[in-house]
$ cat protein00.tsv   # TSV, C-alpha atoms
chain	number	residue	atom	x	y	z
P	1	MET	CA	-73.33	0.27	159.38
P	2	SER	CA	-71.56	-1.41	156.47
P	3	ALA	CA	-72.02	-5.04	155.48
P	4	SER	CA	-68.53	-6.00	156.59
P	5	GLN	CA	-68.99	-4.31	159.95
P	6	THR	CA	-72.08	-6.41	160.64
P	7	LEU	CA	-70.51	-9.63	159.39
P	8	VAL	CA	-67.26	-9.43	161.30
P	9	PRO	CA	-68.71	-9.33	164.84
P	10	ALA	CA	-71.11	-12.09	163.85
P	11	TRP	CA	-68.37	-14.59	163.07
P	12	MET	CA	-66.34	-13.46	166.04
P	13	GLU	CA	-69.20	-14.58	168.28
P	14	ILE	CA	-69.21	-18.13	166.95
P	15	VAL	CA	-67.92	-20.28	169.78
P	16	GLU	CA	-64.98	-22.60	169.23
P	17	SER	CA	-66.17	-26.13	168.77
P	18	PRO	CA	-65.73	-28.80	166.08
P	19	VAL	CA	-69.33	-28.32	164.99
P	20	HIS	CA	-69.01	-24.59	164.52
P	21	GLU	CA	-65.53	-24.55	163.07
P	22	GLU	CA	-66.77	-24.91	159.51
P	23	ALA	CA	-69.42	-22.22	160.03
P	24	ARG	CA	-66.83	-19.94	161.52
P	25	ARG	CA	-64.50	-20.41	158.58
P	26	ARG	CA	-67.30	-19.73	156.13
P	27	ALA	CA	-68.32	-16.60	158.03
P	28	GLN	CA	-64.73	-15.36	157.89
P	29	GLU	CA	-64.64	-15.89	154.14
P	30	GLU	CA	-67.92	-14.03	153.73
P	31	ALA	CA	-66.65	-11.13	155.84
P	32	LEU	CA	-63.49	-10.95	153.79
P	33	GLU	CA	-65.42	-11.01	150.52
P	34	ALA	CA	-67.62	-8.22	151.82
P	35	LEU	CA	-64.50	-6.18	152.56
P	36	VAL	CA	-63.20	-6.84	149.04
P	37	ASP	CA	-66.50	-5.78	147.47
P	38	GLN	CA	-66.65	-2.64	149.52
P	39	TYR	CA	-63.09	-1.35	149.53
P	40	ALA	CA	-61.17	-2.89	146.63
P	41	THR	CA	-61.75	0.08	144.30
P	42	THR	CA	-60.83	2.66	146.95
P	43	LEU	CA	-57.67	0.76	147.78
P	44	TYR	CA	-56.84	0.46	144.10
P	45	ARG	CA	-57.14	4.23	143.63
P	46	VAL	CA	-54.90	4.88	146.62
P	47	ALA	CA	-52.37	2.41	145.30
P	48	PHE	CA	-52.48	3.81	141.80
P	49	SER	CA	-51.99	7.39	142.99
P	50	VAL	CA	-48.62	6.35	144.40
P	51	LEU	CA	-47.45	3.61	142.04
P	52	ARG	CA	-49.03	5.03	138.84
P	53	ASN	CA	-49.14	1.62	137.30
P	54	GLN	CA	-52.31	-0.45	136.92
P	55	SER	CA	-50.90	-3.91	137.43
P	56	ASP	CA	-48.70	-2.82	140.35
P	57	ALA	CA	-51.69	-1.16	142.01
P	58	GLU	CA	-53.79	-4.27	141.57
P	59	ASP	CA	-51.02	-6.41	143.03
P	60	ALA	CA	-50.87	-4.09	146.02
P	61	VAL	CA	-54.63	-4.47	146.59
P	62	GLN	CA	-54.24	-8.23	146.36
P	63	GLU	CA	-51.47	-8.12	148.93
P	64	VAL	CA	-53.64	-6.09	151.30
P	65	PHE	CA	-56.34	-8.73	151.33
P	66	VAL	CA	-53.84	-11.58	151.62
P	67	ARG	CA	-52.52	-9.86	154.74
P	68	VAL	CA	-56.06	-9.46	156.04
P	69	LEU	CA	-56.65	-13.16	155.37
P	70	ARG	CA	-53.59	-14.04	157.41
P	71	HIS	CA	-54.66	-11.85	160.32
P	72	ARG	CA	-58.39	-12.44	160.00
P	73	ASP	CA	-58.72	-13.28	163.68
P	74	THR	CA	-57.98	-9.66	164.56
P	75	LEU	CA	-60.67	-8.27	162.28
P	76	GLY	CA	-63.16	-8.06	165.11
P	77	ASP	CA	-60.94	-5.59	166.98
P	78	ILE	CA	-60.82	-3.08	164.13
P	79	ARG	CA	-63.15	-0.13	164.53
P	80	ASP	CA	-62.89	1.53	161.14
P	81	HIS	CA	-62.10	-1.00	158.43
P	82	ARG	CA	-61.80	1.61	155.70
P	83	VAL	CA	-59.07	3.64	157.39
P	84	TRP	CA	-57.37	0.45	158.55
P	85	LEU	CA	-57.27	-0.98	155.02
P	86	ILE	CA	-56.11	2.32	153.53
P	87	ARG	CA	-53.29	2.42	156.06
P	88	ILE	CA	-52.25	-1.12	155.06
P	89	VAL	CA	-52.30	-0.34	151.35
P	90	TRP	CA	-50.50	2.94	151.96
P	91	ASN	CA	-47.65	1.19	153.73
P	92	ILE	CA	-47.48	-1.49	151.06
P	93	VAL	CA	-47.31	0.94	148.16
P	94	LEU	CA	-44.73	3.17	149.84
P	95	ASP	CA	-42.61	0.12	150.49
P	96	ARG	CA	-43.00	-1.07	146.89
P	97	LYS	CA	-42.16	2.33	145.52
P	98	ARG	CA	-39.05	2.52	147.66
P	99	ARG	CA	-37.91	-0.85	146.38
P	100	ALA	CA	-38.80	-0.15	142.73
P	101	LYS	CA	-36.81	3.07	142.43
P	102	THR	CA	-35.09	1.68	139.37
P	103	ARG	CA	-38.20	1.95	137.20
P	104	PRO	CA	-37.73	4.85	134.77
P	105	GLU	CA	-39.95	7.87	135.33
P	106	THR	CA	-40.97	7.89	131.68
P	107	ASP	CA	-42.99	4.73	132.35
P	108	ASP	CA	-45.07	6.62	134.92
P	109	ILE	CA	-45.68	9.50	132.54
P	110	ALA	CA	-46.70	7.19	129.72
P	111	GLU	CA	-49.09	5.37	132.03
P	112	ILE	CA	-50.62	8.66	133.24
P	113	ALA	CA	-50.99	9.91	129.68
P	114	ARG	CA	-52.70	6.64	128.81
P	115	VAL	CA	-55.21	6.62	131.63
P	116	LEU	CA	-56.08	10.31	131.95
P	117	PRO	CA	-59.17	11.35	130.02
P	118	THR	CA	-58.19	13.25	126.85
P	119	THR	CA	-61.39	13.27	124.91
P	120	GLY	CA	-61.89	16.32	122.74
P	121	LEU	CA	-58.21	17.16	122.59
P	122	SER	CA	-56.09	17.21	119.51
P	123	ALA	CA	-52.91	15.17	119.33
P	124	GLU	CA	-50.83	18.29	119.99
P	125	GLN	CA	-52.93	19.30	122.95
P	126	ARG	CA	-52.72	15.78	124.31
P	127	ALA	CA	-48.94	15.83	124.07
P	128	ALA	CA	-48.78	19.25	125.76
P	129	ALA	CA	-51.13	18.10	128.53
P	130	ALA	CA	-49.07	14.97	129.11
P	131	GLN	CA	-45.91	17.06	129.33
P	132	HIS	CA	-47.53	19.46	131.79
P	133	HIS	CA	-48.82	16.61	133.93
P	134	ALA	CA	-45.42	15.03	133.95
P	135	HIS	CA	-43.85	18.28	135.06
P	136	VAL	CA	-46.36	18.82	137.87
P	137	LEU	CA	-45.99	15.25	139.09
P	138	ALA	CA	-42.22	15.57	139.00
P	139	CYS	CA	-42.51	18.65	141.23
P	140	VAL	CA	-44.79	16.71	143.60
P	141	GLU	CA	-42.23	13.93	143.72
P	142	LYS	CA	-39.55	16.41	144.74
P	143	LEU	CA	-41.49	17.44	147.84
P	144	PRO	CA	-40.24	16.09	151.17
P	145	ALA	CA	-41.78	12.72	151.93
P	146	ARG	CA	-44.01	13.88	154.79
P	147	GLU	CA	-45.45	16.80	152.85
P	148	ARG	CA	-45.86	14.75	149.69
P	149	GLU	CA	-47.75	12.00	151.49
P	150	VAL	CA	-50.21	14.43	153.04
P	151	MET	CA	-50.75	16.18	149.73
P	152	MET	CA	-51.41	12.93	147.89
P	153	LEU	CA	-53.84	11.65	150.49
P	154	SER	CA	-55.66	14.97	150.64
P	155	ALA	CA	-56.48	14.52	146.95
P	156	PHE	CA	-58.93	11.80	147.97
P	157	ASP	CA	-62.21	13.52	148.58
P	158	GLU	CA	-63.53	10.74	150.75
P	159	LEU	CA	-60.70	11.12	153.27
P	160	SER	CA	-61.09	13.79	155.93
P	161	SER	CA	-58.09	15.33	157.66
P	162	VAL	CA	-58.86	13.18	160.72
P	163	GLU	CA	-58.76	10.05	158.58
P	164	ILE	CA	-55.54	11.17	156.86
P	165	ALA	CA	-54.06	11.66	160.32
P	166	ALA	CA	-55.18	8.14	161.26
P	167	VAL	CA	-53.63	6.67	158.10
P	168	LEU	CA	-50.33	8.44	158.66
P	169	GLU	CA	-50.50	7.96	162.44
P	170	VAL	CA	-49.97	11.64	163.20
P	171	THR	CA	-52.13	14.35	164.72
P	172	GLU	CA	-54.67	16.29	162.72
P	173	SER	CA	-52.86	19.56	163.33
P	174	SER	CA	-49.65	18.15	161.89
P	175	VAL	CA	-51.59	17.05	158.82
P	176	ARG	CA	-52.79	20.62	158.35
P	177	SER	CA	-49.36	22.15	158.86
P	178	ARG	CA	-47.75	19.65	156.49
P	179	LEU	CA	-50.35	20.39	153.84
P	180	PHE	CA	-49.71	24.11	154.24
P	181	ARG	CA	-45.98	23.60	153.84
P	182	ALA	CA	-46.52	21.29	150.87
P	183	ARG	CA	-48.63	23.88	149.06
P	184	ASN	CA	-46.03	26.60	149.63
P	185	LEU	CA	-43.15	24.42	148.50
P	186	LEU	CA	-45.03	23.27	145.43
P	187	ALA	CA	-45.94	26.84	144.54
P	188	ASP	CA	-42.27	27.83	144.80
P	189	MET	CA	-41.18	24.94	142.63
P	190	LEU	CA	-43.81	25.50	139.96
P	191	GLY	CA	-43.23	29.27	139.97
P	192	HIS	CA	-39.47	28.79	139.69
P	193	SER	CA	-39.81	26.42	136.75
P	194	ARG	CA	-42.22	28.81	135.06
P	195	SER	CA	-39.78	31.69	135.39
P	196	MET	CA	-37.00	29.50	133.97
P	197	ARG	CA	-38.94	28.85	130.78
W	198	MET	CA	-48.24	45.65	145.48
W	199	ASN	CA	-50.12	44.85	142.35
W	200	LEU	CA	-47.20	42.77	141.09
W	201	SER	CA	-46.95	40.81	144.33
W	202	GLY	CA	-50.69	40.21	144.29
W	203	HIS	CA	-50.39	38.95	140.75
W	204	ASN	CA	-47.55	36.63	141.78
W	205	GLU	CA	-49.64	35.33	144.66
W	206	GLN	CA	-52.49	34.60	142.28
W	207	ASP	CA	-50.09	32.77	139.99
W	208	ARG	CA	-48.77	30.72	142.88
W	209	ASN	CA	-52.26	29.78	143.99
W	210	ALA	CA	-53.27	28.94	140.44
W	211	SER	CA	-50.30	26.65	139.92
W	212	VAL	CA	-50.88	24.89	143.22
W	213	ASN	CA	-54.58	24.52	142.46
W	214	ASP	CA	-53.65	23.13	139.09
W	215	ALA	CA	-51.36	20.57	140.68
W	216	GLU	CA	-54.00	19.62	143.23
W	217	ARG	CA	-56.57	19.24	140.49
W	218	LEU	CA	-54.28	16.83	138.70
W	219	LEU	CA	-53.71	14.82	141.86
W	220	ARG	CA	-57.46	14.73	142.45
W	221	LEU	CA	-57.97	13.60	138.88
W	222	ILE	CA	-55.52	10.76	139.33
W	223	ALA	CA	-57.10	9.85	142.67
W	224	SER	CA	-60.52	9.65	141.10
W	225	LEU	CA	-59.53	7.40	138.21
W	226	PRO	CA	-61.83	4.41	138.15
W	227	ALA	CA	-60.51	1.02	139.11
W	228	PRO	CA	-60.32	-1.57	136.35
W	229	VAL	CA	-63.44	-3.61	135.87
W	230	GLY	CA	-63.56	-6.91	137.73
W	231	ILE	CA	-60.86	-6.10	140.24
W	232	GLU	CA	-63.00	-7.49	143.07
W	233	ASP	CA	-63.37	-10.86	141.34
W	234	ARG	CA	-59.68	-11.06	140.62
W	235	VAL	CA	-58.83	-10.23	144.23
W	236	LYS	CA	-61.30	-12.85	145.48
W	237	GLY	CA	-59.82	-15.41	143.11
W	238	GLY	CA	-56.36	-14.57	144.37
W	239	LEU	CA	-57.53	-14.95	147.96
W	240	ARG	CA	-58.97	-18.39	147.24
W	241	GLY	CA	-55.65	-19.37	145.70
W	242	ALA	CA	-53.78	-17.96	148.68
W	243	GLY	CA	-56.09	-19.81	151.07
W	244	SER	CA	-55.62	-23.17	149.35
W	245	LYS	CA	-51.87	-22.53	149.08
W	246	THR	CA	-51.61	-22.02	152.80
W	247	GLY	CA	-53.51	-25.30	153.19
W	248	VAL	CA	-50.97	-27.15	151.09
W	249	ILE	CA	-47.97	-25.52	152.69
W	250	GLY	CA	-49.36	-25.65	156.19
W	251	TRP	CA	-49.55	-28.60	158.51
W	252	PRO	CA	-51.82	-31.15	156.81
W	253	ALA	CA	-53.56	-32.10	160.02
W	254	ALA	CA	-54.59	-28.51	160.59
W	255	ASN	CA	-57.37	-28.77	158.00
W	256	ARG	CA	-58.96	-31.74	159.68
W	257	THR	CA	-61.08	-31.44	162.79
W	258	PRO	CA	-58.52	-31.08	165.55
W	259	TRP	CA	-58.38	-34.05	167.89
W	260	THR	CA	-57.94	-31.65	170.79
W	261	GLN	CA	-61.58	-30.71	170.39
W	262	SER	CA	-62.96	-34.08	171.54
W	263	TRP	CA	-63.63	-34.44	175.24
W	264	TYR	CA	-62.43	-37.99	175.78
W	265	MET	CA	-59.21	-37.38	173.88
W	266	ARG	CA	-58.50	-34.40	176.09
W	267	ALA	CA	-59.22	-36.51	179.18
W	268	ALA	CA	-56.95	-39.28	177.89
W	269	ALA	CA	-54.17	-36.79	177.23
W	270	ALA	CA	-54.56	-35.33	180.73
W	271	ALA	CA	-54.50	-38.83	182.25
W	272	ALA	CA	-51.36	-39.68	180.28
W	273	ILE	CA	-49.65	-36.53	181.53
W	274	VAL	CA	-50.61	-37.34	185.14
W	275	PHE	CA	-49.38	-40.94	184.71
W	276	VAL	CA	-46.03	-39.83	183.33
W	277	VAL	CA	-45.50	-37.24	186.07
W	278	ALA	CA	-46.56	-39.61	188.87
W	279	GLY	CA	-44.53	-42.49	187.41
W	280	GLY	CA	-41.46	-40.32	187.19
W	281	GLY	CA	-41.88	-39.23	190.80
W	282	TRP	CA	-42.33	-42.84	191.96
W	283	GLY	CA	-39.26	-43.92	190.00
W	284	VAL	CA	-37.14	-41.32	191.70
W	285	HIS	CA	-38.55	-42.29	195.10
W	286	ALA	CA	-37.95	-46.01	194.51
W	287	ARG	CA	-34.34	-45.54	193.52
W	288	PHE	CA	-33.57	-43.27	196.41
W	289	HIS	CA	-31.71	-45.08	199.26
W	290	PRO	CA	-31.02	-43.12	202.43
W	291	ALA	CA	-27.32	-43.09	203.41
W	292	PRO	CA	-26.35	-45.43	206.39
W	293	GLU	CA	-25.68	-43.91	209.80
W	294	PRO	CA	-21.97	-43.01	209.86
W	295	ALA	CA	-19.68	-44.69	212.36
W	296	ALA	CA	-17.80	-41.51	212.98
W	297	ARG	CA	-18.75	-37.97	212.54
W	298	ALA	CA	-16.55	-35.35	211.25
W	299	VAL	CA	-16.28	-32.63	213.80
W	300	PRO	CA	-14.96	-29.31	212.84
W	301	GLN	CA	-11.57	-28.40	214.19
W	302	GLN	CA	-11.95	-26.64	217.48
W	303	LEU	CA	-10.44	-23.31	217.72
W	304	ASP	CA	-8.91	-21.78	220.83
W	305	ARG	CA	-10.96	-19.75	223.27
W	306	SER	CA	-10.65	-16.62	221.24
W	307	GLY	CA	-12.55	-18.40	218.47
W	308	GLY	CA	-9.78	-17.92	216.01
W	309	LEU	CA	-9.63	-14.23	216.53
W	310	SER	CA	-6.37	-12.52	217.33
W	311	PRO	CA	-6.09	-10.39	220.45
W	312	ALA	CA	-5.37	-7.38	218.26
W	313	ALA	CA	-2.17	-6.59	220.15
W	314	ALA	CA	-3.96	-6.25	223.44
W	315	MET	CA	-1.56	-6.22	226.40
W	316	ARG	CA	-2.13	-9.01	228.76
W	317	THR	CA	-1.75	-8.11	232.39
W	318	PRO	CA	0.52	-10.69	233.98
W	319	LYS	CA	-0.54	-12.26	237.21
W	320	THR	CA	1.12	-10.60	240.13
W	321	LEU	CA	3.94	-12.74	241.42
W	322	GLN	CA	3.82	-13.60	245.03
W	323	GLY	CA	6.93	-12.25	246.63
W	324	PRO	CA	8.82	-13.99	249.36
W	325	ARG	CA	7.12	-13.82	252.70
W	326	VAL	CA	8.75	-12.16	255.59
W	327	ALA	CA	9.33	-14.61	258.30
W	328	VAL	CA	8.38	-13.04	261.57
W	329	PRO	CA	10.74	-14.18	264.30
W	330	GLY	CA	8.06	-13.92	267.00
W	331	LYS	CA	6.02	-16.45	265.26
W	332	ALA	CA	8.81	-18.81	264.66
W	333	GLY	CA	7.26	-21.24	267.00
W	334	GLN	CA	4.10	-21.33	264.92
W	335	GLN	CA	3.66	-24.45	262.98
W	336	THR	CA	4.03	-23.83	259.30
W	337	GLU	CA	2.91	-25.93	256.50
W	338	ARG	CA	6.43	-26.94	255.88
W	339	ASP	CA	6.82	-27.93	259.50
W	340	SER	CA	3.70	-29.91	259.46
W	341	GLY	CA	5.19	-31.94	256.63
W	342	LEU	CA	2.49	-31.09	254.12
W	343	MET	CA	4.99	-29.61	251.72
W	344	LYS	CA	7.14	-31.69	249.55
W	345	LYS	CA	10.44	-32.75	250.74
W	346	SER	CA	12.92	-30.05	249.65
W	347	SER	CA	16.35	-30.67	248.23
W	348	PRO	CA	19.44	-30.59	250.57
W	349	ARG	CA	20.60	-27.38	248.96
W	350	ALA	CA	17.32	-25.66	249.64
W	351	ARG	CA	17.32	-26.93	253.16
W	352	ARG	CA	20.75	-25.43	253.79
W	353	ARG	CA	19.54	-22.10	252.46
W	354	GLU	CA	16.59	-22.25	254.74
W	355	ILE	CA	18.76	-22.83	257.75
W	356	LYS	CA	20.92	-19.94	256.73
W	357	ASN	CA	17.90	-17.69	256.39
W	358	GLN	CA	16.70	-18.60	259.83
W	359	ALA	CA	20.06	-17.57	261.21
W	360	ASN	CA	20.01	-14.24	259.39
W	361	PRO	CA	16.39	-13.14	258.91
W	362	ALA	CA	17.33	-9.77	257.32
W	363	ALA	CA	18.44	-11.66	254.23
W	364	THR	CA	14.83	-12.58	253.45
W	365	LEU	CA	13.65	-8.98	253.22
W	366	PRO	CA	13.03	-7.76	249.71
W	367	LEU	CA	15.62	-5.49	248.20
W	368	ARG	CA	14.70	-1.85	247.69
$ encode --input "protein00.tsv" --output "structure tokens"
Amino acid sequence: MSASQTLVPAWMEIVESPVHEEARRRAQEEALEALVDQYATTLYRVAFSVLRNQSDAEDAVQEVFVRVLRHRDTLGDIRDHRVWLIRIVWNIVLDRKRRAKTRPETDDIAEIARVLPTTGLSAEQRAAAAQHHAHVLACVEKLPAREREVMMLSAFDELSSVEIAAVLEVTESSVRSRLFRARNLLADMLGHSRSMR
Amino acid sequence: MNLSGHNEQDRNASVNDAERLLRLIASLPAPVGIEDRVKGGLRGAGSKTGVIGWPAANRTPWTQSWYMRAAAAAAIVFVVAGGGWGVHARFHPAPEPAARAVPQQLDRSGGLSPAAAMRTPKTLQGPRVAVPGKAGQQTERDSGLMKKSSPRARRREIKNQANPAATLPLR
């Protein structure tokens, strides 16, 4: 059992009284800090995979925990905090991306080229790799939203298909079928672009 | 066959390549100190809600103390009871009326029409045949119980006695 899972029920059991109010508040803060310690990096990675911008991803993580702070009284009802938090950050980043459509795609590519490890590559190779990555990501972006979302979440090794289904609020079988379709579509797109070259 | 197999391999390789890139992006490490920054932001958000929120909310709520709750309950009871008494005190029953309004009485049918029903008229009593043999019998008229008839009627009566066939009904 994780630290946050043990802390949350503990503060939920504190009875309402003026004496215990302060203790309750402190316990809530501790539970929230435990959640931040445990899941902030995971949430950041999920956010970055969609937004592809460090500061935007960090803002999204911040927003997740501000929302949790606002609804901290419901924390005791949550069974799996990890999946719950990933679902929150997923919705936030999709919403942000929808609103920030005006940002040029070149910014994303530059950011990816900056953060991806390129040690041992020459300048030419680095440029070619960045171009290839940009092309692949552009193809991923062209996928239908449902298929794209499943494909992006399946890139996280720590998420099982059951958990992806829980994040997207669909059945596990539909996750599998969407992933299958996504792979086929992506193969068509990449193969088509290769033949065009 | 060989060509299609080669194509299939190419397709798989390109998809695997794309998935590897996505996995690489997904596994990028988070910037150092993100947890501390998030915690700092939360503290700021918490204090901000305190400033924006109702100032009394941060203090120990008065609703928690027992005697304040009892006082509030007593005040509510007093207000409700006082209001009820005020209404009762101002209420004066209306004096007994000297006359009562009675609804207009309808005819026997209760206001309903007869729906074009034919009324059977009462059978008229025809003129009685005066039997000559019983002429000596004392009639009501003779006994003087009847009203005094007019001179014209009396003359007709005398005439009828003289000619009894005139009293028979026409056929």
$ interface_residues --input "protein00.tsv" --of "chain P" --to "chain W" --cutoff "7 Å" --atoms "all atoms listed in the file" --output "PyMOL selection string"
chain P and resi 17-18+33+36-37+40-41+44-46+49+62+66+136+152+155-156+183+186-187+190-191
$ write_last_selection --input "protein00.tsv" --atoms "C-alpha atoms" --output "PDB file, keeping the file's coordinate frame"
ATOM      1  CA  SER P  17     -66.170 -26.130 168.770  1.00  0.00           C
ATOM      2  CA  PRO P  18     -65.730 -28.800 166.080  1.00  0.00           C
ATOM      3  CA  GLU P  33     -65.420 -11.010 150.520  1.00  0.00           C
ATOM      4  CA  VAL P  36     -63.200  -6.840 149.040  1.00  0.00           C
ATOM      5  CA  ASP P  37     -66.500  -5.780 147.470  1.00  0.00           C
ATOM      6  CA  ALA P  40     -61.170  -2.890 146.630  1.00  0.00           C
ATOM      7  CA  THR P  41     -61.750   0.080 144.300  1.00  0.00           C
ATOM      8  CA  TYR P  44     -56.840   0.460 144.100  1.00  0.00           C
ATOM      9  CA  ARG P  45     -57.140   4.230 143.630  1.00  0.00           C
ATOM     10  CA  VAL P  46     -54.900   4.880 146.620  1.00  0.00           C
ATOM     11  CA  SER P  49     -51.990   7.390 142.990  1.00  0.00           C
ATOM     12  CA  GLN P  62     -54.240  -8.230 146.360  1.00  0.00           C
ATOM     13  CA  VAL P  66     -53.840 -11.580 151.620  1.00  0.00           C
ATOM     14  CA  VAL P 136     -46.360  18.820 137.870  1.00  0.00           C
ATOM     15  CA  MET P 152     -51.410  12.930 147.890  1.00  0.00           C
ATOM     16  CA  ALA P 155     -56.480  14.520 146.950  1.00  0.00           C
ATOM     17  CA  PHE P 156     -58.930  11.800 147.970  1.00  0.00           C
ATOM     18  CA  ARG P 183     -48.630  23.880 149.060  1.00  0.00           C
ATOM     19  CA  LEU P 186     -45.030  23.270 145.430  1.00  0.00           C
ATOM     20  CA  ALA P 187     -45.940  26.840 144.540  1.00  0.00           C
ATOM     21  CA  LEU P 190     -43.810  25.500 139.960  1.00  0.00           C
ATOM     22  CA  GLY P 191     -43.230  29.270 139.970  1.00  0.00           C
TER      23      GLY P 191
END
$ closest_residue --input "protein00.tsv" --among "P:Ala123, P:Arg178, P:Met189, P:Gln38" --to "Glu141 of chain P" --atoms "all atoms listed in the file"
P:Met189
$ closest_residue --input "protein00.tsv" --among "P:Ala130, P:Val162, P:Ala145, P:Leu35" --to "Leu85 of chain P" --atoms "only C-alpha atoms"
P:Leu35
$ residues_around --input "protein00.tsv" --residues "Leu159 of chain P" --least-positions-apart "6" --cutoff "10 Å" --atoms "only C-alpha atoms" --output "list of chain:residue names"
P:Arg82, P:Val83, P:Ile86, P:Leu153, P:Ala165, P:Val167
$ write_last_selection --input "protein00.tsv" --atoms "C-alpha atoms" --output "PDB file, in the coordinates of the input"
ATOM      1  CA  ARG P  82     -61.800   1.610 155.700  1.00  0.00           C
ATOM      2  CA  VAL P  83     -59.070   3.640 157.390  1.00  0.00           C
ATOM      3  CA  ILE P  86     -56.110   2.320 153.530  1.00  0.00           C
ATOM      4  CA  LEU P 153     -53.840  11.650 150.490  1.00  0.00           C
ATOM      5  CA  ALA P 165     -54.060  11.660 160.320  1.00  0.00           C
ATOM      6  CA  VAL P 167     -53.630   6.670 158.100  1.00  0.00           C
TER       7      VAL P 167
END
$ atom_distance --input "protein00.tsv" --atom1 "atom CA of Ile78 of chain P" --atom2 "atom CA of Asp157 of chain P"
22.8 Å
$ atom_distance --input "protein00.tsv" --atom1 "atom CA of Glu29 of chain P" --atom2 "atom CA of Glu158 of chain P"
26.9 Å
$ atom_distance --input "protein00.tsv" --atom1 "atom CA of Leu143 of chain P" --atom2 "atom CA of Asp80 of chain P"
29.8 Å
